[in-house]
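Colleague: What follows is the file query.txt, containing compact mmCIF, C-alpha atoms:
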# COMPACT_ATOMS: atom_id res chain seq x y z
CA MET A 1 -46.76 -3.40 -2.40
CA SER A 2 -44.32 -2.95 -5.33
CA GLY A 3 -41.03 -4.90 -5.44
CA SER A 4 -38.86 -1.87 -4.59
CA LEU A 5 -41.03 -0.85 -1.63
CA GLN A 6 -40.98 -4.42 -0.36
CA ASN A 7 -37.19 -4.41 -0.62
CA ILE A 8 -37.02 -1.19 1.41
CA SER A 9 -39.22 -2.62 4.12
CA GLU A 10 -36.98 -5.69 4.26
CA LEU A 11 -33.84 -3.66 5.00
CA ASP A 12 -32.16 -4.60 8.28
CA ARG A 13 -33.27 -1.90 10.73
CA VAL A 14 -30.34 -2.51 13.05
CA ILE A 15 -27.81 -1.70 10.34
CA HIS A 16 -29.94 0.84 8.49
CA GLU A 17 -29.45 3.45 11.24
CA PRO A 18 -26.64 5.77 9.93
CA ALA A 19 -24.45 5.65 13.05
CA ARG A 20 -24.61 1.87 13.28
CA LEU A 21 -24.06 1.57 9.54
CA THR A 22 -20.84 3.61 9.92
CA ILE A 23 -19.65 1.42 12.81
CA VAL A 24 -20.38 -1.79 10.90
CA ALA A 25 -18.71 -0.40 7.74
CA LEU A 26 -15.60 0.52 9.74
CA LEU A 27 -15.45 -2.90 11.39
CA SER A 28 -16.08 -4.68 8.09
CA SER A 29 -12.65 -3.78 6.71
CA VAL A 30 -10.58 -4.65 9.80
CA ALA A 31 -10.24 -7.74 11.97
CA SER A 32 -11.01 -5.71 15.10
CA ALA A 33 -10.74 -2.17 16.41
CA ASP A 34 -10.86 -0.49 19.79
CA PHE A 35 -13.34 2.08 21.12
CA LEU A 36 -11.00 5.03 20.46
CA PHE A 37 -10.60 4.19 16.77
CA LEU A 38 -14.36 3.88 16.31
CA LEU A 39 -14.87 7.13 18.24
CA LYS A 40 -12.40 9.09 16.10
CA GLU A 41 -13.46 7.65 12.75
CA SER A 42 -17.22 7.68 13.25
CA GLY A 43 -17.39 11.22 14.63
CA LEU A 44 -19.93 10.06 17.25
CA THR A 45 -19.92 11.14 20.86
CA LYS A 46 -18.77 8.61 23.45
CA GLY A 47 -22.26 8.11 24.80
CA ASN A 48 -23.78 7.64 21.38
CA LEU A 49 -21.08 5.22 20.30
CA SER A 50 -21.56 3.14 23.47
CA VAL A 51 -25.30 2.94 22.91
CA HIS A 52 -24.96 1.91 19.29
CA LEU A 53 -22.25 -0.65 20.05
CA SER A 54 -24.50 -2.16 22.74
CA ARG A 55 -27.36 -2.33 20.25
CA LEU A 56 -25.12 -4.10 17.72
CA GLU A 57 -23.87 -6.46 20.42
CA GLU A 58 -27.45 -7.28 21.44
CA ALA A 59 -28.27 -8.08 17.81
CA GLY A 60 -25.28 -10.44 17.72
CA TYR A 61 -23.52 -8.38 15.04
CA VAL A 62 -20.58 -7.24 17.14
CA GLN A 63 -18.45 -9.21 19.55
CA VAL A 64 -16.64 -7.49 22.42
CA GLU A 65 -13.27 -8.79 23.59
CA LYS A 66 -11.73 -7.47 26.78
CA THR A 67 -7.98 -8.00 26.91
CA PHE A 68 -4.86 -6.31 28.29
CA ARG A 69 -2.23 -4.45 26.31
CA GLY A 70 0.62 -4.56 28.79
CA LYS A 71 -1.04 -3.58 32.07
CA ILE A 72 -3.74 -1.45 30.47
CA PRO A 73 -7.24 -2.90 30.00
CA HIS A 74 -8.16 -2.94 26.35
CA THR A 75 -11.51 -3.52 24.68
CA GLU A 76 -11.70 -4.58 21.06
CA TYR A 77 -14.77 -4.87 18.88
CA ARG A 78 -15.13 -7.18 15.93
CA LEU A 79 -17.93 -8.07 13.53
CA THR A 80 -19.34 -11.55 14.08
CA GLN A 81 -20.13 -13.83 11.14
CA LYS A 82 -23.78 -12.86 11.61
CA GLY A 83 -22.78 -9.18 11.46
CA LYS A 84 -20.72 -9.70 8.29
CA SER A 85 -23.57 -11.57 6.60
CA ALA A 86 -26.07 -8.90 7.67
CA PHE A 87 -23.84 -6.12 6.28
CA ASP A 88 -23.33 -7.99 2.97
CA GLN A 89 -27.07 -8.62 2.72
CA TYR A 90 -27.81 -4.98 3.52
CA ARG A 91 -25.49 -3.79 0.73
CA LYS A 92 -27.08 -6.21 -1.74
CA SER A 93 -30.60 -5.17 -0.73
CA LEU A 94 -29.73 -1.49 -1.03
CA GLY A 95 -28.16 -2.11 -4.44
CA SER A 96 -31.19 -4.01 -5.70
CA ILE A 97 -33.52 -1.20 -4.65
CA PHE A 98 -31.65 1.30 -6.83
CA LYS A 99 -31.33 -1.10 -9.78
CA LYS A 100 -35.12 -1.41 -10.16
CA MET B 1 -21.69 12.84 12.24
CA ASN B 2 -21.15 13.00 8.51
CA VAL B 3 -19.13 10.00 7.41
CA GLN B 4 -19.64 8.40 4.02
CA ILE B 5 -19.69 4.61 4.15
CA ASP B 6 -17.27 4.10 1.28
CA THR B 7 -14.86 6.63 2.79
CA ALA B 8 -15.14 4.95 6.20
CA ILE B 9 -14.24 1.56 4.73
CA LYS B 10 -11.26 2.99 2.84
CA ARG B 11 -10.04 4.94 5.87
CA ALA B 12 -10.10 1.79 7.97
CA ARG B 13 -8.10 -0.04 5.26
CA GLY B 14 -5.54 2.77 5.09
CA TYR B 15 -5.18 3.21 8.85
CA TRP B 16 -1.70 1.67 8.71
CA PHE B 17 -0.62 4.81 6.78
CA VAL B 18 -2.45 7.39 8.93
CA ASP B 19 0.63 8.61 10.82
CA GLY B 20 3.24 8.58 8.03
CA PHE B 21 5.51 6.09 9.85
CA THR B 22 4.92 3.34 7.30
CA GLU B 23 5.85 5.58 4.37
CA ILE B 24 8.96 6.78 6.21
CA ALA B 25 9.96 3.16 6.89
CA ILE B 26 9.36 2.00 3.30
CA GLY B 27 11.17 5.11 2.01
CA GLY B 28 14.08 4.39 4.34
CA LEU B 29 14.29 0.77 3.15
CA LEU B 30 14.33 1.89 -0.48
CA ILE B 31 17.06 4.45 0.21
CA ILE B 32 19.19 1.81 1.97
CA LEU B 33 18.75 -0.60 -0.97
CA ALA B 34 19.51 2.14 -3.53
CA GLY B 35 22.58 3.26 -1.58
CA PHE B 36 23.80 -0.30 -1.24
CA LEU B 37 23.35 -0.97 -4.97
CA LEU B 38 24.90 2.30 -6.19
CA ILE B 39 27.83 2.21 -3.77
CA SER B 40 28.66 -1.45 -4.40
CA MET B 41 28.56 -0.80 -8.18
CA ASN B 42 31.13 1.95 -7.80
CA ILE B 43 33.53 0.33 -5.35
CA SER B 44 33.49 -3.29 -6.54
CA GLN B 45 36.52 -4.39 -8.59
CA ALA B 46 35.10 -7.85 -9.36
CA PRO B 47 34.03 -8.73 -12.91
CA PHE B 48 30.31 -8.32 -13.65
CA PRO B 49 28.91 -11.88 -13.24
CA SER B 50 30.58 -12.54 -9.88
CA TRP B 51 29.83 -9.01 -8.66
CA PHE B 52 26.16 -9.37 -9.67
CA LEU B 53 25.78 -12.72 -7.92
CA SER B 54 27.41 -11.47 -4.73
CA VAL B 55 25.43 -8.20 -4.66
CA THR B 56 22.14 -10.09 -5.24
CA GLY B 57 22.86 -12.25 -2.21
CA GLU B 58 23.92 -9.28 -0.09
CA ILE B 59 20.86 -7.24 -1.09
CA THR B 60 18.60 -10.13 -0.06
CA ILE B 61 20.23 -10.18 3.37
CA VAL B 62 20.02 -6.37 3.67
CA LYS B 63 16.33 -6.50 2.63
CA VAL B 64 15.38 -9.17 5.16
CA VAL B 65 17.33 -7.61 8.05
CA SER B 66 16.10 -4.06 7.30
CA PHE B 67 12.53 -5.31 6.90
CA LEU B 68 12.58 -7.05 10.27
CA ILE B 69 14.12 -4.00 11.98
CA ALA B 70 11.56 -1.70 10.29
CA ILE B 71 8.65 -3.90 11.41
CA PHE B 72 9.93 -3.88 14.99
CA ILE B 73 10.40 -0.06 15.01
CA LEU B 74 6.99 0.50 13.38
CA TRP B 75 5.29 -1.79 15.88
CA TRP B 76 6.93 0.09 18.78
CA LEU B 77 6.14 3.55 17.35
CA LYS B 78 2.52 2.71 16.67
CA ASP B 79 2.09 1.17 20.10
CA HIS B 80 3.54 4.20 21.88
CA PHE B 81 2.46 7.05 19.59
CA THR B 82 -0.43 6.24 17.23
CA TYR B 83 -2.68 3.87 19.16
CA PRO B 84 -2.93 6.12 22.26
CA ARG B 85 -3.98 9.03 19.99
CA THR B 86 -6.33 7.58 17.40
CA GLY B 87 -6.94 4.02 18.52
CA PHE B 88 -5.91 0.48 17.82
CA VAL B 89 -6.83 -1.53 14.75
CA ARG B 90 -6.06 -5.13 13.98
CA GLY B 91 -5.83 -5.60 10.21
CA LYS B 92 -7.42 -8.55 8.53
CA ILE B 93 -6.48 -10.60 5.53
CA THR B 94 -9.18 -13.03 4.43
CA VAL B 95 -8.83 -15.85 1.90
CA THR B 96 -10.92 -13.80 -0.55
CA GLN B 97 -8.57 -10.83 -0.16
CA ILE B 98 -5.51 -13.08 -0.69
CA LEU B 99 -7.11 -14.45 -3.88
CA VAL B 100 -7.85 -10.90 -5.09
CA ILE B 101 -4.23 -9.88 -4.35
CA ILE B 102 -2.92 -12.94 -6.25
CA LYS B 103 -5.24 -12.17 -9.18
CA ASN B 104 -4.07 -8.55 -9.25
CA MET B 105 -0.42 -9.60 -9.01
CA ILE B 106 -0.86 -11.94 -11.99
CA LEU B 107 -2.49 -9.12 -13.97
CA PHE B 108 0.28 -6.82 -12.81
CA LEU B 109 2.95 -9.25 -14.04
CA LEU B 110 1.14 -9.73 -17.33
CA LEU B 111 1.35 -6.00 -18.10
CA PRO B 112 5.15 -5.93 -18.64
CA ILE B 113 4.98 -9.20 -20.62
CA ILE B 114 2.39 -7.62 -22.94
CA GLY B 115 4.62 -4.52 -23.08
CA LEU B 116 7.62 -6.66 -24.05
CA LEU B 117 5.59 -8.45 -26.73
CA ILE B 118 4.50 -5.11 -28.22
CA ALA B 119 8.09 -3.85 -27.97
CA SER B 120 9.37 -6.98 -29.73
CA LEU B 121 7.12 -6.11 -32.68
CA LEU B 122 8.61 -2.64 -32.84
CA ILE B 123 12.24 -3.48 -32.08
CA THR B 124 13.88 -5.68 -34.66
CA SER B 125 16.83 -7.38 -32.93
CA THR B 126 18.11 -8.60 -29.56
CA GLY B 127 20.97 -6.15 -29.96
CA SER B 128 18.66 -3.15 -30.15
CA VAL B 129 16.61 -4.44 -27.15
CA LEU B 130 19.79 -4.69 -25.06
CA SER B 131 21.13 -1.45 -26.43
CA SER B 132 17.98 0.46 -25.44
CA LEU B 133 17.79 -1.29 -22.02
CA PRO B 134 19.03 1.81 -20.13
CA VAL B 135 16.07 3.75 -21.57
CA TRP B 136 13.10 1.38 -21.46
CA PHE B 137 14.02 -0.33 -18.19
CA PRO B 138 13.67 2.76 -15.93
CA VAL B 139 10.57 3.96 -17.78
CA GLY B 140 8.88 0.54 -17.61
CA LEU B 141 9.88 -0.04 -13.99
CA SER B 142 8.66 3.37 -12.84
CA LEU B 143 5.41 2.89 -14.77
CA MET B 144 4.71 -0.42 -13.00
CA TRP B 145 5.73 1.01 -9.62
CA ALA B 146 3.53 4.11 -10.19
CA ILE B 147 0.50 2.01 -11.18
CA LEU B 148 0.94 -0.17 -8.10
CA ILE B 149 1.17 2.85 -5.78
CA VAL B 150 -1.81 4.64 -7.33
CA LEU B 151 -3.99 1.49 -7.21
CA ALA B 152 -3.03 0.85 -3.57
CA GLY B 153 -3.81 4.50 -2.79
CA GLU B 154 -7.24 4.27 -4.43
CA TRP B 155 -8.03 1.10 -2.49
CA MET B 156 -7.15 2.80 0.80
CA GLY B 157 -8.52 6.24 -0.05
CA LEU B 158 -5.06 7.83 0.14
CA HIS B 159 -5.11 10.56 -2.50
CA ARG B 160 -1.49 11.58 -1.83
CA PHE B 161 -0.46 8.28 -3.44
CA ARG B 162 -1.65 9.65 -6.81
CA LEU B 163 0.93 12.42 -6.54
CA LEU B 164 3.58 9.91 -5.43
CA GLY B 165 2.79 7.73 -8.44
CA VAL B 166 3.09 10.68 -10.83
CA MET B 167 6.40 11.74 -9.22
CA ILE B 168 7.87 8.24 -9.53
CA LEU B 169 6.73 7.95 -13.15
CA LEU B 170 8.24 11.34 -13.97
CA ALA B 171 11.46 10.28 -12.24
CA GLY B 172 11.59 7.11 -14.38
CA ILE B 173 10.97 9.08 -17.56
CA GLY B 174 13.63 11.60 -16.48
CA VAL B 175 16.20 8.84 -15.86
CA GLY B 176 15.30 7.28 -19.22
CA ILE B 177 15.79 10.60 -21.04
CA TRP B 178 19.08 11.15 -19.21
CA GLN B 179 20.33 7.70 -20.27
CA TRP B 180 19.19 8.33 -23.85
CA ALA B 181 20.93 11.73 -23.90
CA MET B 182 24.18 10.02 -22.81
CA GLY B 183 24.08 7.89 -25.95
CA LEU B 184 23.27 4.18 -26.14
CA PRO B 185 25.90 1.41 -26.28
CA ASN B 186 26.46 0.07 -29.76
CA ILE B 187 25.54 -3.61 -29.59
CA PRO B 188 25.70 -5.69 -32.78
CA ALA B 189 22.46 -7.39 -33.91
CA ASN B 190 24.02 -10.85 -33.58
CA ILE B 191 25.52 -10.97 -30.07
CA GLN B 192 26.09 -14.73 -29.82
CA PRO B 193 28.13 -16.65 -28.78
CA LYS B 194 29.85 -14.29 -26.29
CA ILE B 195 26.89 -12.47 -24.77
CA LEU B 196 28.83 -10.79 -21.94
CA GLN B 197 30.74 -8.46 -24.23
CA PRO B 198 31.63 -4.90 -23.11
CA PRO B 199 28.70 -3.03 -24.77
CA VAL B 200 26.17 -5.47 -23.24
CA LEU B 201 27.79 -5.11 -19.82
CA GLU B 202 27.69 -1.34 -20.18
CA SER B 203 23.99 -1.53 -21.01
CA VAL B 204 23.25 -3.77 -18.00
CA ASN B 205 25.37 -1.58 -15.70
CA ARG B 206 23.53 1.54 -16.82
CA ALA B 207 20.16 -0.22 -16.31
CA LEU B 208 21.25 -1.12 -12.76
CA THR B 209 22.30 2.50 -12.16
CA SER B 210 18.82 3.52 -13.33
CA LEU B 211 17.30 0.99 -10.92
CA GLY B 212 19.35 2.47 -8.08
CA LEU B 213 18.29 6.01 -8.99
CA ILE B 214 14.60 5.08 -9.21
CA LEU B 215 14.80 3.30 -5.84
CA LEU B 216 16.51 6.38 -4.40
CA ILE B 217 13.97 8.87 -5.82
CA SER B 218 11.04 6.63 -4.77
CA GLY B 219 12.51 6.31 -1.29
CA VAL B 220 13.06 10.05 -0.90
CA SER B 221 9.52 10.77 -2.22
CA LEU B 222 7.94 8.26 0.17
CA MET B 223 9.98 9.57 3.08
CA PHE B 224 9.04 13.18 2.28
CA SER B 225 5.37 12.23 1.98
CA GLY B 226 5.60 10.29 5.26
CA ILE B 227 7.19 13.24 7.09
CA LEU B 228 4.47 15.63 5.86
CA THR B 229 1.79 13.11 6.88
CA PHE B 230 3.41 12.73 10.29
CA ILE B 231 3.53 16.52 10.81
CA ARG B 232 -0.16 16.82 9.93
CA TYR B 233 -1.08 13.83 12.12
CA ARG B 234 0.92 15.28 15.03
CA ARG B 235 -0.80 18.67 14.62
CA GLU B 236 -4.27 17.06 14.54
CA ASN B 237 -3.49 14.72 17.46
CA PRO B 238 -0.99 16.53 19.70
CA GLN B 239 -1.75 14.52 22.85
CA PRO B 240 -2.79 10.96 23.60
CA TYR B 241 -6.56 10.71 23.98
CA THR B 242 -7.93 11.32 27.46
CA GLU B 243 -11.42 11.38 28.90
CA ASP B 244 -11.39 15.23 28.94
CA VAL B 245 -10.85 15.64 25.17
Could you spell out this file's structure in structure tokens?

Modeller:
Amino acid sequence: MSGSLQNISELDRVIHEPARLTIVALLSSVASADFLFLLKESGLTKGNLSVHLSRLEEAGYVQVEKTFRGKIPHTEYRLTQKGKSAFDQYRKSLGSIFKK
Amino acid sequence: MNVQIDTAIKRARGYWFVDGFTEIAIGGLLIILAGFLLISMNISQAPFPSWFLSVTGEITIVKVVSFLIAIFILWWLKDHFTYPRTGFVRGKITVTQILVIIKNMILFLLLPIIGLLIASLLITSTGSVLSSLPVWFPVGLSLMWAILIVLAGEWMGLHRFRLLGVMILLAGIGVGIWQWAMGLPNIPANIQPKILQPPVLESVNRALTSLGLILLISGVSLMFSGILTFIRYRRENPQPYTEDV
């Protein structure tokens, strides 16, 4: 297998999916965001967004925090250190594929 | 779903400006500062040094108080208007980002120093530097301000900031041309030992008037941009988000 093809096969499959990549990219530039922000900015449906967030949570890339804003329940999502590292690594891997 | 990754990252960074409130608040602060400066220049009877010292102190108090009030109003508006419509975001500032900001600020401060060094090669005496102060000060200030706004806009994907930068630069050039057309004070080449002589004071006063005008024009531009952004945001998000939407 050539170097470039090997690099492609080594891409993180969890992040490589376009919807999850968008969610991770959005979360990468903020400390945390709620479900509504991710819904509006990603353009995903509620169901889809929930599924992808669960998948990212299972992979340990996203941490869910349930809090209250006043009396209203509030759920915030943030990238974990593992998620940040995975996103950085993914960007580097993708860059190296196109350099070769 | 058709969201580009780079755009998504920039949009998240610029979320603080999504509703126009921040621009309106910054514009308002600049207008208050400009008004304070221009009015106090016109009504004060005190001689220049004591007036300048007192107005510097007062402006610092006005800045701090207005800033705190603006933060409180922004926080309330966003909590009651923006977050229920388009969601809540907690911004982050990492050590790396702080270092990048510091690096950029140093570069940003180096620009005028390099400009002054180049200018010193072209301008022969302290007298001519002070004499032309009402012209180069507004142009230089608006150039720095415009670069800062455009760079911030590029970082956050806010293309309207390009237009704002151009407007502020044009305003600075306009004020500079206006000052030049009024005629420059005649300051002798050797201004020592009494530096605070009437032509120098006139030059400094006119530079401060220019500063006030640039602050005023920048404030009005930011406020106008903020109001337009708010109108568009309100049209796109008329109601708080509900399950039915």

Colleague: Using all atoms listed in the file, select each residue of chain A with any atom at most 10 Å away from an atom of chain B, and give the selection as an MDAnalysis selection string.

Modeller: chainID A and resid 18:19 21:46 69 74:78

Colleague: Output C-alpha atoms of each residue in that selection to a file, as a short mmCIF file (atom, residue, chain, number, x, y, z; two decimals), in the frame of the given file.

Modeller:
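Resulting contents of out37.cif:
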data_model
loop_
_atom_site.label_atom_id
_atom_site.label_comp_id
_atom_site.auth_asym_id
_atom_site.auth_seq_id
_atom_site.Cartn_x
_atom_site.Cartn_y
_atom_site.Cartn_z
CA PRO A 18 -26.64 5.77 9.93
CA ALA A 19 -24.45 5.65 13.05
CA LEU A 21 -24.06 1.57 9.54
CA THR A 22 -20.84 3.61 9.92
CA ILE A 23 -19.65 1.42 12.81
CA VAL A 24 -20.38 -1.79 10.90
CA ALA A 25 -18.71 -0.40 7.74
CA LEU A 26 -15.60 0.52 9.74
CA LEU A 27 -15.45 -2.90 11.39
CA SER A 28 -16.08 -4.68 8.09
CA SER A 29 -12.65 -3.78 6.71
CA VAL A 30 -10.58 -4.65 9.80
CA ALA A 31 -10.24 -7.74 11.97
CA SER A 32 -11.01 -5.71 15.10
CA ALA A 33 -10.74 -2.17 16.41
CA ASP A 34 -10.86 -0.49 19.79
CA PHE A 35 -13.34 2.08 21.12
CA LEU A 36 -11.00 5.03 20.46
CA PHE A 37 -10.60 4.19 16.77
CA LEU A 38 -14.36 3.88 16.31
CA LEU A 39 -14.87 7.13 18.24
CA LYS A 40 -12.40 9.09 16.10
CA GLU A 41 -13.46 7.65 12.75
CA SER A 42 -17.22 7.68 13.25
CA GLY A 43 -17.39 11.22 14.63
CA LEU A 44 -19.93 10.06 17.25
CA THR A 45 -19.92 11.14 20.86
CA LYS A 46 -18.77 8.61 23.45
CA ARG A 69 -2.23 -4.45 26.31
CA HIS A 74 -8.16 -2.94 26.35
CA THR A 75 -11.51 -3.52 24.68
CA GLU A 76 -11.70 -4.58 21.06
CA TYR A 77 -14.77 -4.87 18.88
CA ARG A 78 -15.13 -7.18 15.93
#

Colleague: Could you tell me how far atom CA of B:Pro198 lies from atom CA of B:Leu216, in Å and to one decimal?

Modeller: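 Rounded to one decimal, the two atoms are 26.6 Å apart.
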
Colleague: Rounded to one decimal place, report the atom CA of B:Leu33-atom CA of B:Ile217 distance in Å.

Modeller: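 Between atom CA of B:Leu33 and atom CA of B:Ile217 the gap is 11.7 Å.
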
Colleague: Tell me, in Å to one decimal, how far atom CA of B:Ile177 is from atom CA of B:Arg160.

Modeller: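 Distance reported for this atom pair: 25.9 Å.
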
Colleague: Please determine, counting all atoms listed in the file, which residue among B:Gly140, B:Leu130, B:Gly219, B:Trp16 has the shortest atom-to-atom distance to B:Ile114.

Modeller: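 Ranking B:Gly140, B:Leu130, B:Gly219, B:Trp16 by distance to B:Ile114, first place goes to B:Gly140.
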
Colleague: Give as a ChimeraX atom specification the set of residues within 12 Å of the point (-35.0, -1.9, 3.7), where distances use the file's coordinates and only C-alpha atoms.

Modeller: /A:3-17,89-98

Colleague: Fewer than 6 positions away in the same chain doesn't count, so skip those; otherwise give me all residues within 12 Å of B:His159, counting all atoms listed in the file, as a list in words.

Modeller: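 The residues that qualify are Thr7, Lys10, Arg11, Gly14, Phe17, Ile149, Val150, Leu151, Ala152, Gly153, Gly165, Val166, Ser225 and Thr229 of chain B.
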
Colleague: Filtering to C-alpha atoms, could you give me those residues as a PDB file, in the frame of the given file?

Modeller:
ATOM      1  CA  THR B   7     -14.860   6.630   2.790  1.00  0.00           C
ATOM      2  CA  LYS B  10     -11.260   2.990   2.840  1.00  0.00           C
ATOM      3  CA  ARG B  11     -10.040   4.940   5.870  1.00  0.00           C
ATOM      4  CA  GLY B  14      -5.540   2.770   5.090  1.00  0.00           C
ATOM      5  CA  PHE B  17      -0.620   4.810   6.780  1.00  0.00           C
ATOM      6  CA  ILE B 149       1.170   2.850  -5.780  1.00  0.00           C
ATOM      7  CA  VAL B 150      -1.810   4.640  -7.330  1.00  0.00           C
ATOM      8  CA  LEU B 151      -3.990   1.490  -7.210  1.00  0.00           C
ATOM      9  CA  ALA B 152      -3.030   0.850  -3.570  1.00  0.00           C
ATOM     10  CA  GLY B 153      -3.810   4.500  -2.790  1.00  0.00           C
ATOM     11  CA  GLY B 165       2.790   7.730  -8.440  1.00  0.00           C
ATOM     12  CA  VAL B 166       3.090  10.680 -10.830  1.00  0.00           C
ATOM     13  CA  SER B 225       5.370  12.230   1.980  1.00  0.00           C
ATOM     14  CA  THR B 229       1.790  13.110   6.880  1.00  0.00           C
TER      15      THR B 229
END

Colleague: Using all atoms listed in the file, which residues sit within 10 Å of B:Leu30 once same-chain residues fewer than 3 positions away are excluded, as JSON, numbers by chain?

Modeller: {"B": [24, 25, 26, 27, 33, 34, 35, 36, 63, 66, 212, 214, 215, 216, 217, 218, 219, 220, 222, 223]}

Colleague: Given all atoms listed in the file as the basis, pick out the residue of B:Leu164, B:Ala207, B:Asn104, B:Trp136 nearest to B:Gly226.

Modeller: B:Leu164

Colleague: Would you please work out which residue, of B:Thr22, B:Thr82, B:Thr209, B:Gln45, is nearest to B:Gly172 when using only C-alpha atoms?

Modeller: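 Among B:Thr22, B:Thr82, B:Thr209, B:Gln45, it is B:Thr209 that comes nearest to B:Gly172.
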
Colleague: I'd like the contact shell of A:Lys84 - 8 Å cut-off, only C-alpha atoms, skipping same-chain residues fewer than 4 positions apart - returned as a PyMOL selection string.

Modeller: chain A and resi 28+61+79-80+88

Colleague: Can you tell me, as a list in words, what residues are no more than 12 Å from B:Val55 when counting all atoms listed in the file, ignoring any on the same chain fewer than 6 positions away?

Modeller: Leu33, Ala34, Phe36, Leu37, Leu38, Ile39, Ser40, Met41, Ile43, Ser44, Ala46, Pro47, Phe48, Pro49, Ile61, Val62, Lys63 and Leu208 of chain B

Colleague: As lines of an AutoDock Vina configuration file, please: the centre and edge lengths in Å, to one decimal, of an axis-aligned box enclosing every listed atom of stretch 10-16 of chain A with 5 Å added on each side.

Modeller:
center_x = -32.4
center_y = -2.4
center_z = 8.7
size_x = 19.2
size_y = 16.5
size_z = 18.8
